[in-house]
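Let me begin by presenting the structure, written as structure tokens, before commenting on it.
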Amino acid sequence: MAKSSVHLPVVGFGNTLRRDAWWAGPLATGAVLVAFIVYATFRAFENGLYEWGPYLSPFYSPRLPAERIGIGWLSPAMLILPGPASFRLTCYYYRKAYYRAFAMDPPACAVGERSRDYRGETRILLFQNLHRFALYLAILVLAFLWHDVWKALWFTDELGGVHFGVGVGTLVLLANTSLLTLYTFSCHSLRHLVGGGVDSYSTAPLGRLRHLLWRGVSRLNLRHMVWAWCSLFSVALTDLYIRCVATQTFSDLRLL
Amino acid sequence: MAATATFRIYRGDASGGEFVEYSTETYPGMVVLDAVHDIQAKQAPDLAVRWNCKAGRCGSCGAEVNGKPRLLCMTRVDKFPAGEPITVTPMRAFPHLRDLVTDVSWNFKVAKKIPPLKPIPPESDGAWRMQQYDIDRIQEFRKCIECFLCQDVCHVVRDHDRKEEFVGPRFLIHLATLDMHPLDTLDRRPMLREAFGVGYCNITRCCTEVCPEHITITDNAIIPLKERVADDFYDPLQWLWRKVTGSKGRRRLPVVKA
């Protein structure tokens with residue numbers, strides 16, 4: 001019978017009796033989020049190579065005349081990106097992801113965290129309660145992105161004629177906008193707003209309809225995390241694709 | 001020759017303790033509680049462990065196995081790598097009494113603070129009636145067996161010891177059950193925001209990860225409650241709508257304050 005004297009409770013940052021790779025999740029999350037932020041910041045300052053033919057990068061949609069503001073370094077992306085970024089910043093899924101990865105509050109379940117005056121989302125983070133307003137912005141941006149998909153179906157030839165067509169870029173834009181739509185419409189706030197706030201569907205005005213909508217959003221909401229990550233990758237890859245085509249790193253393949 | 005496993009069990013009380021290693025024979029289907037009982041029967045008759053049903057229904061045998069909150073009776077020994085010792089410790093968020101037993105009475109004190117259901121008057125035949133689709137949502141929360149693993153893993157309780165300001169996931173489930181109930185007539189949202197501290201939850205979902213009943217605590221109870229609090233306290237459009245229409249929101253409910 002061997003004895004060792006480790007005293008409980010096991011407290012202190014990073015202390016745990018877990019033996020699995022609990023650090024892998026927050027590490028990967030942090031790495032991906034930092035990579036995305038660095039790339040998006042670079043592209044926002046680059047202020048170019050964001051369109052080719054009928055394709056427009058989601059970072060620069062809708063088209064905004066940023067140059068009219070008269071600040072030289074200000075790009076349209078700098079005006080556009082805060083909208084979708086606020087949606088992701090206040091998203092109930094990403095909150096978990098970055099509280100764990102960056103604030104390490106906690107780094108993982110049953111893993112010790114820094115000792116400090118914890119206030120949760122009661123003080124400086126009260127703004128997280130405004131997620132629904134970021135949702136309204138995200139839905140507005142989605143409308144522009146679907147318009148971009150429509151525009152990506154119409155190609156101009158050398159004589160100036162406009163013809164229906166489908167290129168790989170069209171499919172890339174379609175896939176990206178679809179994933180962003182799934183992410184937006186699986187939102188927890190939307191789930192609440194369409195019907196989650198109702199207590200008695202059978203007696204509330206439009207109760208049946210609201211219950212139906214709530215069930216629909218609830219189904220999408222089950223995979224909110226999946227849509228969150230897929231759409232984050234897709235939006236960066238779509239921008240990268242358009243940049244590569246614009247710099248002639250490779251050509252857009254015309255399918256139709 | 002029968003297989004054996006080594007268990008490192010925390011022995012001690014509030015004044016201190018230590019890990020003691022025990023080896024015991026294992027068999028297919030064995031759960032950690034079986035091993036603890038075997039050790040208790042043959043090697044350490046004074047080993048304290050709380051248990052009752054041994055079927056995952058009573059929620060008594062909550063502890064931490066290899067650092068994660070689990071029910072001892074629902075955790076199979078063969079899920080852990082053979083040859084490595086399995087660590088068994090008491091739940092860390094509650095005062096330690098002895099060996100694997102903790103004092104969970106704080107939870108019962110919290111339960112008493114929550115105003116119970118106050119339904120509308122019954123119909124003329126003395127019955128309350130509601131539609132199944134009105135009640136589907138909250139039936140998930142009724143699966144709770146009060147094992148308090150969610151309270152144990154919640155970092156607000158576990159690491160920050162905010163037991164005065166925050167009621168923990170188990171009671172946020174209970175509050176969601178009441179707030180979403182189609183027949184209830186009380187408005188607990190001011191309490192939810194102030195005395196029960198829903199804002200302390202930062203959605204890290206550990207409660208959902210450890211729930212042995214697989215209740216989606218965060219997404220189906222806590223986030224909807226946060227959204228309901230946002231409706232009443234943080235949404236200027238809804239505030240304006242209430243001012244313009246004179247509406248107090250979903251129903252005119254008596255407000256319960258702490």
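Ligands are numbered from 1 in the order shown, chains are lettered A, B, ... in the order of the structure tokens, and residues start at 1 in each chain.
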
Query - Proximal residues of chain B relative to chain A (only C-alpha atoms; 8 Å) as JSON, numbers by chain - result: {"B": [16, 17, 18, 19, 20, 21, 22, 66, 67, 68, 69, 87, 92, 130, 131, 133, 134, 153, 154, 155, 156, 159, 160, 179, 180, 181, 182, 183, 199, 200, 201, 202, 203, 204, 205, 206, 219, 223, 224, 226, 227, 228, 230, 234, 235, 250]}

Report task. Write out as a list of chain:residue names each polymer residue whose atoms come within 6 Å of stretch 166-177 of chain B, counting only C-alpha atoms; drop sequence neighbours fewer than 2 positions from it. Result -> B:Ile138, B:Gln151, B:Arg162, B:Lys163, B:Glu164, B:Asp179, B:Met180, B:Phe196, B:Gly197, B:Ala221

Query raised in the report: Which neighbours of stretch 141-148 of chain A fall inside 12 Å, counting only C-alpha atoms, when residues of the same chain fewer than 4 positions from it are skipped, and could you give them as a ChimeraX atom specification?
Result: /A:51,53-64,80-85,87,134-137,152-154,169-185,235,238

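In the backbone-derived DSSP annotation, strand (DSSP E) within stretch 52-93 of chain B comprises Gly62, Ala63, Glu64, Val65, Lys68, Pro69, Arg70, Leu71, Ile86, Thr87, Val88 and Thr89 of chain B.
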
**Report entry** DSSP alpha helix (DSSP H) residues within stretch 76-232 of chain B, listed as a VMD selection string
**Finding:** chain B and resid 105 to 113 132 to 139 149 to 153 155 to 158 169 to 179 189 to 193 206 to 210 223 to 232
